[in-house]
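Structure below is query20.cif: mmCIF, C-alpha atoms.
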data_upload
loop_
_atom_site.label_atom_id
_atom_site.label_comp_id
_atom_site.auth_asym_id
_atom_site.auth_seq_id
_atom_site.Cartn_x
_atom_site.Cartn_y
_atom_site.Cartn_z
CA MET A 100 34.07 -14.17 19.27
CA ALA A 101 33.35 -10.45 19.20
CA HIS A 102 36.29 -8.12 18.51
CA ILE A 103 35.72 -6.43 21.89
CA ASP A 104 34.76 -7.74 25.33
CA LEU A 105 31.00 -7.20 25.45
CA LYS A 106 30.70 -8.66 28.98
CA ASN A 107 27.57 -10.57 27.95
CA ASP A 108 26.59 -13.53 25.76
CA PHE A 109 23.67 -12.07 23.81
CA PRO A 110 23.91 -12.71 20.06
CA GLY A 111 24.14 -10.16 17.26
CA ILE A 112 23.10 -6.61 17.91
CA ARG A 113 21.65 -7.60 21.30
CA GLY A 114 25.14 -8.12 22.69
CA LEU A 115 26.11 -4.67 21.43
CA MET A 116 22.96 -3.14 22.92
CA ALA A 117 23.72 -4.60 26.34
CA PHE A 118 27.27 -3.23 26.01
CA ASP A 119 26.10 0.29 25.09
CA PRO A 120 22.53 0.96 26.31
CA ASP A 121 22.54 4.64 25.29
CA ALA A 122 23.41 3.83 21.69
CA ALA A 123 20.86 1.00 21.90
CA ASP A 124 18.04 3.37 22.84
CA ALA A 125 18.85 5.61 19.86
CA LEU A 126 19.09 2.66 17.47
CA ASN A 127 15.87 1.07 18.71
CA GLY A 128 14.11 4.42 18.45
CA LEU A 129 15.10 4.57 14.81
CA ALA A 130 14.10 0.95 14.12
CA ASN A 131 10.69 1.47 15.72
CA VAL A 132 10.02 4.58 13.63
CA LEU A 133 11.11 3.02 10.37
CA LEU A 134 9.63 -0.43 10.75
CA ARG A 135 6.65 -0.01 13.06
CA ARG A 136 5.03 3.44 12.71
CA GLU A 137 1.76 3.92 10.85
CA SER A 138 2.49 3.60 7.15
CA THR A 139 0.95 2.65 3.82
CA LEU A 140 3.78 0.10 3.57
CA SER A 141 2.86 -2.85 5.77
CA LYS A 142 5.17 -3.95 8.57
CA GLY A 143 5.75 -7.18 6.64
CA ASP A 144 6.80 -5.27 3.51
CA ARG A 145 9.14 -2.96 5.44
CA GLU A 146 10.73 -5.91 7.23
CA MET A 147 11.13 -7.57 3.80
CA ILE A 148 13.15 -4.58 2.57
CA ALA A 149 15.31 -4.81 5.73
CA THR A 150 15.77 -8.54 5.19
CA PHE A 151 16.69 -8.20 1.52
CA VAL A 152 19.35 -5.57 2.23
CA SER A 153 20.73 -7.62 5.15
CA SER A 154 20.91 -10.63 2.85
CA GLN A 155 22.78 -8.62 0.20
CA ASN A 156 25.18 -7.54 2.96
CA ASP A 157 25.50 -11.20 4.02
CA CYS A 158 24.58 -10.40 7.64
CA LEU A 159 23.28 -13.66 9.08
CA PHE A 160 21.89 -12.22 12.32
CA CYS A 161 19.95 -9.33 10.73
CA GLN A 162 18.57 -11.28 7.78
CA SER A 163 17.43 -14.03 10.15
CA VAL A 164 15.72 -11.75 12.69
CA HIS A 165 14.05 -9.47 10.17
CA GLY A 166 13.23 -12.34 7.84
CA ALA A 167 11.41 -14.01 10.74
CA VAL A 168 9.55 -10.78 11.61
CA SER A 169 8.57 -10.26 7.98
CA SER A 170 7.34 -13.85 7.71
CA TYR A 171 5.39 -13.40 10.94
CA HIS A 172 3.53 -10.38 9.57
CA LEU A 173 3.00 -11.86 6.09
CA ASP A 174 1.64 -15.26 7.22
CA ASP A 175 4.72 -16.86 5.67
CA SER A 176 5.13 -19.31 8.51
CA ASP A 177 7.48 -21.63 6.63
CA GLY A 178 9.58 -18.69 5.42
CA ILE A 179 9.26 -19.69 1.76
CA LEU A 180 8.38 -16.20 0.51
CA ILE A 181 11.32 -14.60 2.31
CA GLN A 182 13.66 -17.23 0.90
CA GLN A 183 12.35 -16.47 -2.60
CA VAL A 184 12.99 -12.77 -2.04
CA LYS A 185 16.55 -13.48 -0.95
CA ASN A 186 17.17 -15.86 -3.88
CA ASP A 187 15.69 -13.63 -6.62
CA PHE A 188 12.94 -11.21 -5.69
CA THR A 189 12.12 -10.52 -9.36
CA LYS A 190 10.66 -14.05 -9.52
CA ALA A 191 8.83 -13.91 -6.15
CA PRO A 192 5.04 -13.46 -5.98
CA LEU A 193 5.17 -9.74 -5.11
CA SER A 194 3.35 -6.69 -6.44
CA SER A 195 5.07 -4.62 -9.14
CA LYS A 196 5.30 -1.80 -6.57
CA MET A 197 7.13 -3.99 -4.07
CA LYS A 198 9.52 -5.23 -6.75
CA ALA A 199 10.24 -1.64 -7.81
CA LEU A 200 10.95 -0.69 -4.19
CA LEU A 201 13.27 -3.69 -3.76
CA HIS A 202 15.18 -2.60 -6.89
CA ILE A 203 15.71 0.78 -5.21
CA ALA A 204 16.75 -0.90 -1.94
CA GLY A 205 19.24 -3.05 -3.86
CA SER A 206 20.85 0.06 -5.31
CA VAL A 207 21.01 1.77 -1.91
CA GLN A 208 22.83 -1.31 -0.57
CA LYS A 209 25.60 -0.63 -3.10
CA SER A 210 25.67 3.18 -2.81
CA GLY A 211 23.26 6.09 -2.50
CA LYS A 212 24.45 7.28 -5.89
CA ALA A 213 23.49 3.95 -7.47
CA VAL A 214 19.77 4.77 -7.24
CA SER A 215 18.69 5.80 -10.75
CA SER A 216 15.97 8.18 -11.89
CA GLN A 217 14.60 5.28 -13.92
CA GLN A 218 14.21 3.18 -10.75
CA ILE A 219 12.34 6.06 -9.12
CA ASP A 220 10.11 6.53 -12.18
CA ASP A 221 9.38 2.80 -12.25
CA ALA A 222 8.37 2.87 -8.57
CA LYS A 223 6.10 5.87 -9.10
CA SER A 224 4.54 4.23 -12.17
CA ALA A 225 3.85 1.15 -10.06
CA GLY A 226 2.00 3.35 -7.56
CA ALA A 227 4.65 4.09 -4.93
CA SER A 228 4.18 7.40 -3.10
CA ASP A 229 6.99 9.82 -2.27
CA GLN A 230 6.77 8.74 1.38
CA GLU A 231 7.04 5.06 0.41
CA ILE A 232 10.10 5.76 -1.74
CA HIS A 233 11.60 7.83 1.08
CA ASP A 234 11.00 5.07 3.62
CA THR A 235 12.44 2.42 1.31
CA VAL A 236 15.66 4.39 0.86
CA LEU A 237 15.97 5.11 4.58
CA ILE A 238 15.22 1.53 5.65
CA ALA A 239 17.76 0.20 3.15
CA ALA A 240 20.32 2.77 4.31
CA ALA A 241 19.64 1.98 7.98
CA PHE A 242 20.31 -1.71 7.41
CA CYS A 243 23.61 -0.84 5.76
CA MET A 244 24.35 0.59 9.22
CA PHE A 245 22.90 -2.20 11.36
CA ASN A 246 24.61 -4.91 9.27
CA ARG A 247 28.00 -3.15 9.50
CA TYR A 248 27.59 -2.66 13.26
CA VAL A 249 26.77 -6.33 13.84
CA ASP A 250 29.47 -7.77 11.56
CA GLY A 251 32.08 -5.03 12.00
CA LEU A 252 32.37 -6.03 15.66
CA ASN A 253 32.21 -9.74 14.75
CA THR A 254 29.23 -10.66 16.93
CA TRP A 255 27.96 -14.23 16.91
CA ALA A 256 24.66 -15.39 15.41
CA PRO A 257 22.61 -18.50 16.22
CA THR A 258 22.18 -20.86 13.27
CA ASP A 259 18.99 -22.41 14.69
CA GLN A 260 16.21 -20.53 12.87
CA SER A 261 13.63 -21.39 15.56
CA ILE A 262 15.38 -18.92 17.87
CA TYR A 263 14.68 -16.07 15.44
CA LYS A 264 11.09 -17.20 14.97
CA GLU A 265 10.49 -17.02 18.71
CA ARG A 266 12.16 -13.62 18.90
CA ALA A 267 10.00 -12.38 16.02
CA GLU A 268 6.88 -12.94 18.11
CA GLY A 269 8.27 -10.77 20.90
CA ILE A 270 9.29 -8.02 18.47
CA SER A 271 5.90 -8.09 16.79
CA ALA A 272 4.20 -7.66 20.15
CA ASN A 273 6.54 -5.21 21.86
CA GLY A 274 8.72 -3.55 19.23
CA TYR A 275 12.49 -3.21 19.26
CA THR A 276 13.96 -2.98 22.75
CA LYS A 277 17.34 -3.55 24.34
CA PRO A 278 17.93 -6.67 26.48
CA GLY A 279 16.97 -6.64 30.13
CA MET B 56 16.63 17.87 -7.83
CA ALA B 57 15.58 15.37 -5.21
CA HIS B 58 13.96 12.14 -6.41
CA ILE B 59 10.81 12.99 -4.40
CA ASP B 60 8.96 16.25 -3.75
CA LEU B 61 10.32 17.35 -0.38
CA LYS B 62 8.15 20.52 -0.30
CA ASN B 63 11.11 22.55 0.97
CA ASP B 64 14.45 23.88 -0.28
CA PHE B 65 16.76 22.84 2.56
CA PRO B 66 19.94 21.13 1.33
CA GLY B 67 21.14 17.61 2.06
CA ILE B 68 19.70 15.75 5.02
CA ARG B 69 17.97 18.92 6.24
CA GLY B 70 15.50 18.75 3.36
CA LEU B 71 14.77 15.13 4.27
CA MET B 72 14.37 16.04 7.95
CA ALA B 73 11.82 18.73 7.13
CA PHE B 74 9.98 16.17 4.96
CA ASP B 75 9.91 13.51 7.71
CA PRO B 76 10.24 15.08 11.18
CA ASP B 77 9.65 11.80 13.05
CA ALA B 78 12.50 10.05 11.26
CA ALA B 79 14.54 13.23 11.77
CA ASP B 80 14.13 13.08 15.55
CA ALA B 81 15.32 9.47 15.62
CA LEU B 82 18.28 10.22 13.34
CA ASN B 83 19.31 13.31 15.30
CA GLY B 84 19.01 11.37 18.54
CA LEU B 85 21.48 8.85 17.17
CA ALA B 86 23.86 11.52 15.84
CA ASN B 87 23.87 13.33 19.18
CA VAL B 88 24.66 10.14 21.09
CA LEU B 89 27.43 9.04 18.74
CA LEU B 90 29.09 12.37 18.09
CA ARG B 91 28.39 14.48 21.17
CA ARG B 92 28.07 12.36 24.32
CA GLU B 93 30.84 12.23 26.92
CA SER B 94 33.64 10.13 25.47
CA THR B 95 37.37 9.56 25.60
CA LEU B 96 37.31 10.21 21.84
CA SER B 97 37.07 13.97 21.34
CA LYS B 98 34.19 15.46 19.35
CA GLY B 99 36.74 16.53 16.74
CA ASP B 100 38.08 12.98 16.38
CA ARG B 101 34.60 11.45 16.12
CA GLU B 102 33.58 14.01 13.51
CA MET B 103 36.81 13.18 11.65
CA ILE B 104 35.77 9.51 11.46
CA ALA B 105 32.35 10.61 10.15
CA THR B 106 34.01 12.89 7.59
CA PHE B 107 36.44 10.25 6.39
CA VAL B 108 33.68 7.67 5.82
CA SER B 109 31.49 10.29 4.08
CA SER B 110 34.43 11.16 1.84
CA GLN B 111 34.99 7.49 0.98
CA ASN B 112 31.26 7.30 0.12
CA ASP B 113 31.67 10.47 -1.99
CA CYS B 114 28.82 12.23 -0.14
CA LEU B 115 29.48 15.95 -0.64
CA PHE B 116 26.93 17.22 1.86
CA CYS B 117 27.95 14.95 4.76
CA GLN B 118 31.71 15.27 4.26
CA SER B 119 31.34 19.06 4.08
CA VAL B 120 29.17 19.45 7.19
CA HIS B 121 31.07 17.01 9.36
CA GLY B 122 34.44 18.15 8.01
CA ALA B 123 33.53 21.68 9.08
CA VAL B 124 32.41 20.50 12.52
CA SER B 125 35.60 18.47 12.98
CA SER B 126 37.73 21.44 11.91
CA TYR B 127 35.79 23.65 14.33
CA HIS B 128 36.56 21.36 17.28
CA LEU B 129 40.20 20.73 16.26
CA ASP B 130 41.19 24.38 15.69
CA ASP B 131 41.70 23.50 12.02
CA SER B 132 40.14 26.76 10.82
CA ASP B 133 41.51 26.51 7.29
CA GLY B 134 40.44 22.86 7.02
CA ILE B 135 43.94 21.68 6.06
CA LEU B 136 44.01 18.76 8.48
CA ILE B 137 40.63 17.45 7.32
CA GLN B 138 41.75 17.72 3.70
CA GLN B 139 44.87 15.70 4.56
CA VAL B 140 42.72 13.03 6.21
CA LYS B 141 40.54 12.80 3.11
CA ASN B 142 43.55 12.69 0.75
CA ASP B 143 45.58 10.09 2.71
CA PHE B 144 45.11 9.87 6.46
CA THR B 145 48.16 7.64 6.85
CA LYS B 146 50.31 10.71 6.05
CA ALA B 147 48.33 13.17 8.19
CA PRO B 148 49.70 14.39 11.56
CA LEU B 149 47.52 12.09 13.68
CA SER B 150 48.22 9.78 16.62
CA SER B 151 48.85 6.11 15.89
CA LYS B 152 45.58 5.37 17.74
CA MET B 153 43.61 7.68 15.48
CA LYS B 154 45.18 6.18 12.38
CA ALA B 155 44.35 2.68 13.60
CA LEU B 156 40.74 3.72 14.20
CA LEU B 157 40.52 5.27 10.72
CA HIS B 158 41.79 2.01 9.23
CA ILE B 159 38.88 0.23 10.97
CA ALA B 160 36.43 2.90 9.78
CA GLY B 161 37.70 2.47 6.22
CA SER B 162 36.97 -1.24 6.39
CA VAL B 163 33.49 -0.68 7.83
CA GLN B 164 32.80 1.64 4.87
CA LYS B 165 33.35 -1.34 2.56
CA SER B 166 31.62 -4.01 4.67
CA GLY B 167 31.30 -5.06 8.29
CA LYS B 168 33.09 -8.27 7.40
CA ALA B 169 36.07 -6.32 6.03
CA VAL B 170 37.21 -5.39 9.55
CA SER B 171 40.14 -7.68 10.37
CA SER B 172 41.37 -9.04 13.70
CA GLN B 173 44.73 -7.49 12.81
CA GLN B 174 43.13 -4.03 12.54
CA ILE B 175 41.52 -4.53 15.95
CA ASP B 176 44.82 -5.73 17.47
CA ASP B 177 46.63 -2.72 15.98
CA ALA B 178 44.07 -0.34 17.48
CA LYS B 179 44.34 -1.98 20.90
CA SER B 180 48.16 -1.89 20.72
CA ALA B 181 47.92 1.83 19.94
CA GLY B 182 45.88 2.31 23.12
CA ALA B 183 42.29 2.20 21.85
CA SER B 184 39.75 0.97 24.40
CA ASP B 185 36.90 -1.42 23.62
CA GLN B 186 34.45 1.48 23.84
CA GLU B 187 36.52 3.55 21.39
CA ILE B 188 36.66 0.67 18.92
CA HIS B 189 32.91 0.14 19.37
CA ASP B 190 32.18 3.81 18.77
CA THR B 191 34.43 3.93 15.71
CA VAL B 192 32.61 0.99 14.12
CA LEU B 193 29.17 2.41 14.93
CA ILE B 194 30.02 5.94 13.73
CA ALA B 195 31.44 4.55 10.50
CA ALA B 196 28.37 2.33 10.06
CA ALA B 197 26.00 5.20 10.83
CA PHE B 198 27.57 7.35 8.12
CA CYS B 199 27.12 4.54 5.63
CA MET B 200 23.43 5.12 6.45
CA PHE B 201 23.41 8.92 6.45
CA ASN B 202 25.39 9.09 3.18
CA ARG B 203 23.04 6.64 1.45
CA TYR B 204 19.98 8.51 2.74
CA VAL B 205 21.27 11.86 1.46
CA ASP B 206 22.48 10.62 -1.94
CA GLY B 207 19.91 7.85 -2.45
CA LEU B 208 17.21 10.52 -2.59
CA ASN B 209 19.43 12.80 -4.68
CA THR B 210 19.32 15.83 -2.40
CA TRP B 211 21.30 18.95 -3.37
CA ALA B 212 24.41 20.21 -1.59
CA PRO B 213 25.86 23.76 -1.52
CA THR B 214 29.34 24.02 -3.03
CA ASP B 215 30.19 27.17 -1.04
CA GLN B 216 32.16 25.84 1.93
CA SER B 217 31.47 28.97 4.01
CA ILE B 218 27.87 27.76 4.39
CA TYR B 219 29.06 24.58 6.11
CA LYS B 220 31.46 26.51 8.31
CA GLU B 221 28.63 28.70 9.57
CA ARG B 222 26.43 25.65 10.13
CA ALA B 223 29.24 23.97 12.07
CA GLU B 224 29.15 26.74 14.66
CA GLY B 225 25.43 26.16 15.23
CA ILE B 226 25.90 22.39 15.51
CA SER B 227 28.80 22.81 17.92
CA ALA B 228 26.64 25.02 20.14
CA ASN B 229 23.27 23.27 19.92
CA GLY B 230 23.83 19.74 18.61
CA TYR B 231 22.02 18.05 15.74
CA THR B 232 18.42 19.25 15.31
CA LYS B 233 15.88 19.29 12.53
CA PRO B 234 15.07 22.54 10.69
CA GLY B 235 12.53 24.93 12.15
#
What is this file in structure tokens?
Amino acid sequence: MAHIDLKNDFPGIRGLMAFDPDAADALNGLANVLLRRESTLSKGDREMIATFVSSQNDCLFCQSVHGAVSSYHLDDSDGILIQQVKNDFTKAPLSSKMKALLHIAGSVQKSGKAVSSQQIDDAKSAGASDQEIHDTVLIAAAFCMFNRYVDGLNTWAPTDQSIYKERAEGISANGYTKPG
Amino acid sequence: MAHIDLKNDFPGIRGLMAFDPDAADALNGLANVLLRRESTLSKGDREMIATFVSSQNDCLFCQSVHGAVSSYHLDDSDGILIQQVKNDFTKAPLSSKMKALLHIAGSVQKSGKAVSSQQIDDAKSAGASDQEIHDTVLIAAAFCMFNRYVDGLNTWAPTDQSIYKERAEGISANGYTKPG
């Protein structure tokens, strides 16, 4: 049960968004910019970064939603690729650029100061642009926020993965929005 | 030097905001909602939560800016109160409610899952409302993002505290905005 009375039964961040619609609009605005604007990083790749960080933070709701959205965009309908990324992305069938970006995201999950110049150099050598490195850091940082918001208030999360898969279709079509 | 070429010399998050104005608008929108909307938590108290979390994350730029803004609102012109909060808030001259909220914020800084039911009960016993607990968790979570964004891209931060004090007056008057 959530630490506060949300006055609704929505799971995860959706319960918080129904509780505080003004904060929800700001948070969804950020999510839509980071994960859905025009970018040389595909939506699937950006959602993968979000999923990896959420997995490292052990946030069931966020890793399930964003894992499902990433799988949707990457034609990973059985979710095998996303599971590989969560288990050990260095062994997943990803480009060297994507692996370098996930190394950076993994450092951001620990601390901003954990990102090393070597990790940045490796990403640039693998072809990552300044904007792609910027977006990776900000997406990883943002999910350190979303994960803490969702778990810090002890929201509940469905364990049935089909619920997230269905939600992923709505997000892919309409973007991030608050309930109602 | 920043890890990427920002094409400007603004310090801290301001250099990042000039680099990516669309992300900046979303981030400022969030900061203005969390730190400046009508609330039973004063602007000074909310900025104190932001400062404490930024201090725990060792982010010089964020703890300096938000410390200065908190001091501005709390008539703490020499910054002594904010320094006490950073050193050991349990010994600072704060209400029991504010101390209970800072305990929650300190847990959020570590992990969402680190927030305990006992910490929530203590805050409620000290008079904190559900909205105040919600806002504390989200502010603390948001600064885990802002701090990682600022330090993950290795931005520079002035060491002259008078610069932050001057900036705090502008923020107090006009809110959070991107450069230019």
On this structure, which residues satisfy the PyMOL selection byres ((chain A) within 9 of (chain B)), written as a ChimeraX atom specification? /A:102-105,115,118-119,121-122,124-130,132-133,156-158,203,206-216,219-220,228-230,232-233,236-253
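Separating CA of Phe107 (chain B) from CA of Glu93 (chain B) is a distance of 21.4 Å.
Across the structure, CA of Arg222 (chain B) and CA of Val120 (chain B) are spaced 7.4 Å apart.
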Point out the residue among A:Leu180, A:Val168, A:Met147, A:Phe109 with the least atom-to-atom distance to Tyr275 (chain A), counting all atoms listed in the file. A:Val168
Got a sec: who's within 8 Å of region 139-142 of chain B, counting all atoms listed in the file, leaving out chain neighbours fewer than 4 positions off, as an MDAnalysis selection string? chainID B and resid 106:107 110:111 135 146:147
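CA of Lys264 (chain A) is positioned 15.6 Å from CA of Arg113 (chain A).
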Which residue, B:Gly182, B:Ala105, B:Asp130, B:Gln173, has the smallest gap to Gln118 (chain B) when you use all atoms listed in the file? B:Ala105
Pull the neighbourhood of (3.5, -14.0, 2.9) for me: all residues within 12 Å in file coordinates, counting only C-alpha atoms, as an mmCIF file with C-alpha atoms, in the coordinates of the input.
data_model
loop_
_atom_site.group_PDB
_atom_site.id
_atom_site.type_symbol
_atom_site.label_atom_id
_atom_site.label_comp_id
_atom_site.auth_asym_id
_atom_site.auth_seq_id
_atom_site.Cartn_x
_atom_site.Cartn_y
_atom_site.Cartn_z
ATOM 1 C CA SER A 141 2.860 -2.850 5.770
ATOM 2 C CA LYS A 142 5.170 -3.950 8.570
ATOM 3 C CA GLY A 143 5.750 -7.180 6.640
ATOM 4 C CA ASP A 144 6.800 -5.270 3.510
ATOM 5 C CA GLU A 146 10.730 -5.910 7.230
ATOM 6 C CA MET A 147 11.130 -7.570 3.800
ATOM 7 C CA GLY A 166 13.230 -12.340 7.840
ATOM 8 C CA ALA A 167 11.410 -14.010 10.740
ATOM 9 C CA VAL A 168 9.550 -10.780 11.610
ATOM 10 C CA SER A 169 8.570 -10.260 7.980
ATOM 11 C CA SER A 170 7.340 -13.850 7.710
ATOM 12 C CA TYR A 171 5.390 -13.400 10.940
ATOM 13 C CA HIS A 172 3.530 -10.380 9.570
ATOM 14 C CA LEU A 173 3.000 -11.860 6.090
ATOM 15 C CA ASP A 174 1.640 -15.260 7.220
ATOM 16 C CA ASP A 175 4.720 -16.860 5.670
ATOM 17 C CA SER A 176 5.130 -19.310 8.510
ATOM 18 C CA ASP A 177 7.480 -21.630 6.630
ATOM 19 C CA GLY A 178 9.580 -18.690 5.420
ATOM 20 C CA ILE A 179 9.260 -19.690 1.760
ATOM 21 C CA LEU A 180 8.380 -16.200 0.510
ATOM 22 C CA ILE A 181 11.320 -14.600 2.310
ATOM 23 C CA GLN A 182 13.660 -17.230 0.900
ATOM 24 C CA GLN A 183 12.350 -16.470 -2.600
ATOM 25 C CA VAL A 184 12.990 -12.770 -2.040
ATOM 26 C CA ALA A 191 8.830 -13.910 -6.150
ATOM 27 C CA PRO A 192 5.040 -13.460 -5.980
ATOM 28 C CA LEU A 193 5.170 -9.740 -5.110
ATOM 29 C CA SER A 194 3.350 -6.690 -6.440
#
Please put the answer as lines of an AutoDock Vina configuration file: centre and edge lengths, in Å with one decimal, of a box along x, y and z that encloses all listed atoms of region 203-211 of chain A plus 6 Å on each side.
center_x = 20.7
center_y = 1.5
center_z = -2.9
size_x = 22.0
size_y = 21.1
size_z = 16.7
Shell around Ala212 (chain B) at 9 Å using all atoms listed in the file, local window under 2 positions removed, as number ranges by chain: B: 66-67, 115-117, 210, 214
Completed region 140-148 of chain B (all heavy atoms) as a PDB file, in the coordinates of the input:
ATOM      1  N   VAL B 140      43.348  14.299   5.831  1.00  0.00           N
ATOM      2  CA  VAL B 140      42.720  13.030   6.210  1.00  0.00           C
ATOM      3  C   VAL B 140      41.987  12.441   5.009  1.00  0.00           C
ATOM      4  O   VAL B 140      42.061  11.236   4.744  1.00  0.00           O
ATOM      5  CB  VAL B 140      41.751  13.239   7.398  1.00  0.00           C
ATOM      6  CG1 VAL B 140      40.884  12.010   7.619  1.00  0.00           C
ATOM      7  CG2 VAL B 140      42.547  13.589   8.654  1.00  0.00           C
ATOM      8  N   LYS B 141      41.287  13.291   4.274  1.00  0.00           N
ATOM      9  CA  LYS B 141      40.540  12.800   3.110  1.00  0.00           C
ATOM     10  C   LYS B 141      41.492  12.331   2.003  1.00  0.00           C
ATOM     11  O   LYS B 141      41.227  11.332   1.343  1.00  0.00           O
ATOM     12  CB  LYS B 141      39.627  13.903   2.576  1.00  0.00           C
ATOM     13  CG  LYS B 141      38.454  14.224   3.501  1.00  0.00           C
ATOM     14  CD  LYS B 141      37.337  14.906   2.731  1.00  0.00           C
ATOM     15  CE  LYS B 141      37.191  16.350   3.110  1.00  0.00           C
ATOM     16  NZ  LYS B 141      36.043  17.010   2.443  1.00  0.00           N
ATOM     17  N   ASN B 142      42.608  13.052   1.826  1.00  0.00           N
ATOM     18  CA  ASN B 142      43.550  12.690   0.750  1.00  0.00           C
ATOM     19  C   ASN B 142      44.286  11.383   1.071  1.00  0.00           C
ATOM     20  O   ASN B 142      44.387  10.498   0.242  1.00  0.00           O
ATOM     21  CB  ASN B 142      44.586  13.797   0.542  1.00  0.00           C
ATOM     22  CG  ASN B 142      43.978  15.037  -0.054  1.00  0.00           C
ATOM     23  OD1 ASN B 142      42.841  15.022  -0.522  1.00  0.00           O
ATOM     24  ND2 ASN B 142      44.722  16.133  -0.038  1.00  0.00           N
ATOM     25  N   ASP B 143      44.826  11.288   2.293  1.00  0.00           N
ATOM     26  CA  ASP B 143      45.580  10.090   2.710  1.00  0.00           C
ATOM     27  C   ASP B 143      45.867  10.222   4.201  1.00  0.00           C
ATOM     28  O   ASP B 143      46.897  10.791   4.593  1.00  0.00           O
ATOM     29  CB  ASP B 143      46.880   9.959   1.922  1.00  0.00           C
ATOM     30  CG  ASP B 143      47.657   8.702   2.315  1.00  0.00           C
ATOM     31  OD1 ASP B 143      47.217   7.966   3.237  1.00  0.00           O
ATOM     32  OD2 ASP B 143      48.713   8.459   1.703  1.00  0.00           O
ATOM     33  N   PHE B 144      44.973   9.654   5.011  1.00  0.00           N
ATOM     34  CA  PHE B 144      45.110   9.870   6.460  1.00  0.00           C
ATOM     35  C   PHE B 144      46.382   9.262   7.020  1.00  0.00           C
ATOM     36  O   PHE B 144      46.861   9.685   8.079  1.00  0.00           O
ATOM     37  CB  PHE B 144      43.874   9.358   7.214  1.00  0.00           C
ATOM     38  CG  PHE B 144      43.772   7.854   7.305  1.00  0.00           C
ATOM     39  CD1 PHE B 144      44.474   7.145   8.250  1.00  0.00           C
ATOM     40  CD2 PHE B 144      42.943   7.139   6.436  1.00  0.00           C
ATOM     41  CE1 PHE B 144      44.380   5.755   8.345  1.00  0.00           C
ATOM     42  CE2 PHE B 144      42.843   5.760   6.511  1.00  0.00           C
ATOM     43  CZ  PHE B 144      43.566   5.067   7.458  1.00  0.00           C
ATOM     44  N   THR B 145      46.945   8.273   6.321  1.00  0.00           N
ATOM     45  CA  THR B 145      48.160   7.640   6.850  1.00  0.00           C
ATOM     46  C   THR B 145      49.325   8.628   6.892  1.00  0.00           C
ATOM     47  O   THR B 145      50.284   8.435   7.634  1.00  0.00           O
ATOM     48  CB  THR B 145      48.584   6.401   6.017  1.00  0.00           C
ATOM     49  OG1 THR B 145      48.965   6.804   4.698  1.00  0.00           O
ATOM     50  CG2 THR B 145      47.446   5.391   5.932  1.00  0.00           C
ATOM     51  N   LYS B 146      49.237   9.698   6.065  1.00  0.00           N
ATOM     52  CA  LYS B 146      50.310  10.710   6.050  1.00  0.00           C
ATOM     53  C   LYS B 146      49.952  11.960   6.840  1.00  0.00           C
ATOM     54  O   LYS B 146      50.738  12.916   6.874  1.00  0.00           O
ATOM     55  CB  LYS B 146      50.625  11.090   4.594  1.00  0.00           C
ATOM     56  CG  LYS B 146      51.232   9.935   3.802  1.00  0.00           C
ATOM     57  CD  LYS B 146      51.586  10.350   2.380  1.00  0.00           C
ATOM     58  CE  LYS B 146      52.133   9.168   1.591  1.00  0.00           C
ATOM     59  NZ  LYS B 146      51.921   9.314   0.144  1.00  0.00           N
ATOM     60  N   ALA B 147      48.761  11.983   7.445  1.00  0.00           N
ATOM     61  CA  ALA B 147      48.330  13.170   8.190  1.00  0.00           C
ATOM     62  C   ALA B 147      48.951  13.150   9.595  1.00  0.00           C
ATOM     63  O   ALA B 147      49.297  12.087  10.110  1.00  0.00           O
ATOM     64  CB  ALA B 147      46.807  13.187   8.288  1.00  0.00           C
ATOM     65  N   PRO B 148      49.113  14.324  10.205  1.00  0.00           N
ATOM     66  CA  PRO B 148      49.700  14.390  11.560  1.00  0.00           C
ATOM     67  C   PRO B 148      48.686  13.966  12.629  1.00  0.00           C
ATOM     68  O   PRO B 148      48.118  14.806  13.331  1.00  0.00           O
ATOM     69  CB  PRO B 148      50.089  15.872  11.695  1.00  0.00           C
ATOM     70  CG  PRO B 148      49.135  16.599  10.797  1.00  0.00           C
ATOM     71  CD  PRO B 148      48.831  15.668   9.659  1.00  0.00           C
TER      72      PRO B 148
END
